[in-house]
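One structure is given below, encoded as structure tokens.
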Amino acid sequence: MKVTDLPQHWEEEKKAMERTQEYNLRLPLEDAARIAALAELYPDRSESDILNDMVAAALDDLISKGPLKDRLADKNK
């Protein structure tokens, strides 16, 4: 999924997803405010859901193109 596809994804019905790893993330205040604003625009999605989707989309993008494509794809096997 691309980052630009996320708003459409957030409009769809939320599906349950198992989370197996937890991270503590510190964001600049401006970025945290943007995440909070997105959570207000998409009330069915928590800030955590939005961050998870954004990270997954960014990783998909890195794997699909760019100089890290082969290195990251090998780690997923």
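Labels used: A, B, ... for chains in the order of the structure tokens, numbers from 1 for residues in each chain, and numbers from 1 for ligands as shown.
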Just the residues within 12 Å of A:Asp49, please, counting only C-alpha atoms, with nothing from its chain fewer than 3 positions along; format it as a compact mmCIF listing (two decimals) with all heavy atoms, in the first residue's frame.
```txt
# COMPACT_ATOMS: atom_id res chain seq x y z
N LEU A 6 -3.66 5.70 1.93
CA LEU A 6 -4.14 5.56 3.31
C LEU A 6 -5.49 6.23 3.58
O LEU A 6 -6.34 5.62 4.23
CB LEU A 6 -3.08 6.04 4.29
CG LEU A 6 -1.86 5.13 4.41
CD1 LEU A 6 -0.82 5.74 5.34
CD2 LEU A 6 -2.26 3.74 4.89
N HIS A 9 -8.07 3.91 2.55
CA HIS A 9 -8.04 2.76 3.45
C HIS A 9 -8.74 3.07 4.77
O HIS A 9 -9.49 2.25 5.30
CB HIS A 9 -6.58 2.35 3.69
CG HIS A 9 -6.38 1.33 4.75
ND1 HIS A 9 -6.74 0.01 4.61
CD2 HIS A 9 -5.88 1.43 6.00
CE1 HIS A 9 -6.45 -0.66 5.71
NE2 HIS A 9 -5.92 0.19 6.58
N TRP A 10 -8.54 4.26 5.29
CA TRP A 10 -9.14 4.66 6.56
C TRP A 10 -10.64 4.87 6.43
O TRP A 10 -11.36 4.84 7.43
CB TRP A 10 -8.45 5.90 7.12
CG TRP A 10 -7.03 5.65 7.53
CD1 TRP A 10 -6.50 4.48 8.01
CD2 TRP A 10 -5.95 6.56 7.49
NE1 TRP A 10 -5.17 4.63 8.27
CE2 TRP A 10 -4.79 5.90 7.96
CE3 TRP A 10 -5.83 7.88 7.09
CZ2 TRP A 10 -3.55 6.51 8.06
CZ3 TRP A 10 -4.59 8.50 7.19
CH2 TRP A 10 -3.46 7.82 7.66
N LYS A 14 -12.86 -0.96 9.38
CA LYS A 14 -11.65 -1.37 10.10
C LYS A 14 -11.65 -2.88 10.31
O LYS A 14 -12.65 -3.45 10.72
CB LYS A 14 -11.58 -0.65 11.44
CG LYS A 14 -10.34 -0.90 12.23
CD LYS A 14 -10.36 -0.09 13.51
CE LYS A 14 -9.22 -0.43 14.39
NZ LYS A 14 -9.24 0.35 15.62
N LYS A 15 -10.52 -3.50 10.02
CA LYS A 15 -10.37 -4.94 10.21
C LYS A 15 -9.46 -5.19 11.40
O LYS A 15 -8.48 -4.48 11.59
CB LYS A 15 -9.79 -5.58 8.95
CG LYS A 15 -10.69 -5.45 7.75
CD LYS A 15 -10.05 -6.00 6.51
CE LYS A 15 -10.99 -5.78 5.34
NZ LYS A 15 -10.36 -5.27 4.18
N ALA A 16 -9.77 -6.20 12.17
CA ALA A 16 -8.93 -6.56 13.32
C ALA A 16 -7.57 -7.04 12.82
O ALA A 16 -7.47 -7.75 11.82
CB ALA A 16 -9.59 -7.64 14.14
N MET A 17 -6.52 -6.62 13.54
CA MET A 17 -5.18 -7.01 13.16
C MET A 17 -4.38 -7.33 14.43
O MET A 17 -4.43 -6.57 15.39
CB MET A 17 -4.49 -5.90 12.38
CG MET A 17 -3.11 -6.26 11.88
SD MET A 17 -2.39 -4.97 10.87
CE MET A 17 -3.37 -5.14 9.39
N GLU A 18 -3.70 -8.44 14.39
CA GLU A 18 -2.88 -8.82 15.54
C GLU A 18 -1.58 -8.01 15.54
O GLU A 18 -0.91 -7.89 14.52
CB GLU A 18 -2.55 -10.31 15.47
CG GLU A 18 -1.78 -10.80 16.66
CD GLU A 18 -1.50 -12.29 16.59
OE1 GLU A 18 -2.26 -13.00 15.92
OE2 GLU A 18 -0.51 -12.71 17.19
N ARG A 19 -1.25 -7.45 16.67
CA ARG A 19 -0.01 -6.69 16.83
C ARG A 19 0.91 -7.52 17.72
O ARG A 19 0.55 -7.87 18.84
CB ARG A 19 -0.26 -5.34 17.49
CG ARG A 19 -1.32 -4.51 16.82
CD ARG A 19 -0.80 -3.85 15.60
NE ARG A 19 -1.83 -2.95 15.08
CZ ARG A 19 -1.98 -2.70 13.81
NH1 ARG A 19 -1.19 -3.25 12.93
NH2 ARG A 19 -2.90 -1.88 13.40
N ILE A 35 -0.94 13.79 13.51
CA ILE A 35 -1.49 12.45 13.76
C ILE A 35 -2.83 12.59 14.49
O ILE A 35 -3.81 11.92 14.15
CB ILE A 35 -0.51 11.57 14.56
CG1 ILE A 35 0.80 11.36 13.80
CG2 ILE A 35 -1.15 10.25 14.96
CD1 ILE A 35 0.66 10.65 12.47
N ALA A 36 -2.89 13.46 15.48
CA ALA A 36 -4.13 13.69 16.21
C ALA A 36 -5.22 14.22 15.29
O ALA A 36 -6.39 13.81 15.39
CB ALA A 36 -3.89 14.66 17.37
N LEU A 38 -5.49 13.64 12.06
CA LEU A 38 -5.93 12.53 11.23
C LEU A 38 -6.89 11.62 12.01
O LEU A 38 -7.89 11.15 11.46
CB LEU A 38 -4.73 11.72 10.73
CG LEU A 38 -3.92 12.37 9.61
CD1 LEU A 38 -2.62 11.61 9.40
CD2 LEU A 38 -4.73 12.43 8.32
N ALA A 39 -6.61 11.39 13.27
CA ALA A 39 -7.49 10.57 14.10
C ALA A 39 -8.86 11.23 14.27
O ALA A 39 -9.88 10.54 14.36
CB ALA A 39 -6.85 10.30 15.46
N TYR A 42 -10.73 10.65 10.96
CA TYR A 42 -11.11 9.24 10.80
C TYR A 42 -11.38 8.66 12.19
O TYR A 42 -10.54 7.97 12.76
CB TYR A 42 -10.01 8.47 10.07
CG TYR A 42 -9.71 9.06 8.72
CD1 TYR A 42 -8.64 9.94 8.53
CD2 TYR A 42 -10.53 8.78 7.63
CE1 TYR A 42 -8.39 10.50 7.29
CE2 TYR A 42 -10.29 9.35 6.39
CZ TYR A 42 -9.21 10.20 6.22
OH TYR A 42 -8.97 10.77 5.00
N PRO A 43 -12.57 8.92 12.74
CA PRO A 43 -12.84 8.55 14.13
C PRO A 43 -12.82 7.04 14.41
O PRO A 43 -12.68 6.64 15.56
CB PRO A 43 -14.23 9.14 14.41
CG PRO A 43 -14.80 9.48 13.08
CD PRO A 43 -13.67 9.63 12.12
N ASP A 44 -12.93 6.22 13.36
CA ASP A 44 -12.84 4.77 13.57
C ASP A 44 -11.40 4.30 13.71
O ASP A 44 -11.16 3.12 13.97
CB ASP A 44 -13.49 4.01 12.40
CG ASP A 44 -15.00 4.14 12.41
OD1 ASP A 44 -15.55 4.54 13.46
OD2 ASP A 44 -15.62 3.83 11.38
N ARG A 45 -10.45 5.20 13.52
CA ARG A 45 -9.03 4.86 13.60
C ARG A 45 -8.38 5.61 14.76
O ARG A 45 -8.51 6.82 14.88
CB ARG A 45 -8.29 5.24 12.31
CG ARG A 45 -8.91 4.73 11.05
CD ARG A 45 -8.80 3.23 10.95
NE ARG A 45 -9.57 2.76 9.80
CZ ARG A 45 -9.34 1.65 9.17
NH1 ARG A 45 -8.37 0.85 9.56
NH2 ARG A 45 -10.10 1.30 8.16
N SER A 46 -7.68 4.88 15.59
CA SER A 46 -6.95 5.51 16.69
C SER A 46 -5.64 6.10 16.15
O SER A 46 -5.21 5.79 15.03
CB SER A 46 -6.65 4.49 17.78
OG SER A 46 -5.71 3.53 17.31
N ASN A 52 0.51 2.92 12.74
CA ASN A 52 0.81 1.58 12.23
C ASN A 52 0.65 1.52 10.72
O ASN A 52 1.50 0.97 10.02
CB ASN A 52 -0.11 0.54 12.88
CG ASN A 52 0.29 0.21 14.29
OD1 ASN A 52 1.45 0.15 14.62
ND2 ASN A 52 -0.70 -0.02 15.13
N ASP A 53 -0.44 2.09 10.21
CA ASP A 53 -0.68 2.08 8.77
C ASP A 53 0.38 2.89 8.03
O ASP A 53 0.84 2.50 6.95
CB ASP A 53 -2.07 2.64 8.46
CG ASP A 53 -3.19 1.73 8.90
OD1 ASP A 53 -2.94 0.53 9.15
OD2 ASP A 53 -4.34 2.21 8.99
N MET A 54 0.77 4.02 8.60
CA MET A 54 1.77 4.86 7.94
C MET A 54 3.13 4.16 7.88
O MET A 54 3.82 4.20 6.85
CB MET A 54 1.87 6.21 8.65
CG MET A 54 0.62 7.05 8.47
SD MET A 54 0.66 8.58 9.42
CE MET A 54 1.76 9.54 8.39
N VAL A 55 3.52 3.52 8.96
CA VAL A 55 4.79 2.80 8.98
C VAL A 55 4.75 1.64 7.99
O VAL A 55 5.69 1.42 7.22
CB VAL A 55 5.13 2.31 10.41
CG1 VAL A 55 6.29 1.34 10.39
CG2 VAL A 55 5.46 3.49 11.30
N ALA A 56 3.65 0.89 7.97
CA ALA A 56 3.52 -0.24 7.04
C ALA A 56 3.60 0.23 5.60
O ALA A 56 4.27 -0.39 4.76
CB ALA A 56 2.22 -0.99 7.29
```
Using only C-alpha atoms, which residues sit within 12 Å of A:Leu25 once same-chain residues fewer than 6 positions away are excluded, as an mmCIF file with C-alpha atoms, in the first residue's frame?
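selection_22.cif, freshly written:
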```
data_model
loop_
_atom_site.group_PDB
_atom_site.id
_atom_site.type_symbol
_atom_site.label_atom_id
_atom_site.label_comp_id
_atom_site.auth_asym_id
_atom_site.auth_seq_id
_atom_site.Cartn_x
_atom_site.Cartn_y
_atom_site.Cartn_z
ATOM 1 C CA ASP A 31 3.909 15.688 13.812
ATOM 2 C CA ALA A 32 1.969 14.531 16.872
ATOM 3 C CA GLU A 47 -3.696 7.448 16.576
ATOM 4 C CA SER A 48 -1.958 4.102 17.010
ATOM 5 C CA LEU A 51 0.809 5.349 12.872
ATOM 6 C CA ASN A 52 0.809 1.579 12.234
ATOM 7 C CA VAL A 55 4.792 2.795 8.980
#
```
task: Output as a PyMOL selection string all residues of chain A that backbone DSSP marks as helix (DSSP H, G or I).
output: chain A and resi 3-11+29-41+47-64+69-75
message: Report as a PyMOL selection string all protein, DNA and RNA residues lying within 7 Å of A:Met1, evaluated on only C-alpha atoms, omitting residues in the same chain fewer than 4 positions from it.
response: chain A and resi 5+57+60
